[in-house]
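*Asks:* I have a structure here, written as structure tokens, and I will follow up with some questions on it.
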Amino acid sequence: MSMRISSVLQTPAAPLAQAQRHFLAKLALETDVSDVAHDLQNGVADFVILDARSEKAYRECHVSGAFSLPHPLISAETPAFLDRSKLLVVYCWGPACNGAAKACAKLAELGFAVKEMLGGWSIGSGRGRGWNERPMMALATAPKPESSSNQVVNKNGQQEEMAVIHVEG
């Protein structure tokens with residue numbers, strides 16, 4: 001008869017105060033596709049979404065309202081268009097991609113508040129979350145409040161509503 005040893009219980013759980021500190025610290029640095037989609041679908045967008053993937057990947061598909069800022073191109077000059085007082089939510093392809101983490105590290109060093117969107121594009125796409133999956137769009141479209149929309153022309157020459165990140169304050 002073989003004795004079964006639990007891989008889970010082999011290392012004891014952290015003391016409660018340590019666990020709370022750890023998870024609160026983690027939440028201060030991360031958000032997930034569900035929370036971002038919920039906010040976007042409900043017209044809450046008091047943050048800026050950045051796509052850290054390549055410009056080509058962004059043109060093919062991206063989160064509606066996201067700006068393209070490929071992580072290898074981030075320097076002191078490249079994020080000059082961003083408001084330093086707003087939280088940046090950064091994503092890349094998915095769990096196997098660390099582009100968002102690289103972008104967050106660079107942006108934090110440049111003085112921006114950042115959170116990585118866990119799951120990235122691959123987890124959020126195709127699940128009714130309002131992501132833009134139409135190829136070759138110049139700008140993404142998304143449901144938004146009436147007061148925060150603009151007409152734009154996409155690469156196919158069609159007029160569409162552009163999602164505008166509306167920030168109070």
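Convention: chains lettered A, B, ... in structure tokens order; per-chain residue numbering from 1; ligands numbered from 1 as shown.
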Please identify all polymer residues within 6 Å of segment 108-123 of chain A, counting only C-alpha atoms, omitting same-chain residues fewer than 3 positions from it, and present them as a count of residues only.
*Replies:* 16
*Asks:* Give me the residues near segment 68-74 of chain A as a list in words, where near means some atom within 6 Å (using only C-alpha atoms) and where sequence neighbours in that chain fewer than 6 positions away do not count.
*Replies:*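 Counting only C-alpha atoms, the residues come to Leu50, Asp51, Ala52, Arg53, Ser54 and Ala103 of chain A.
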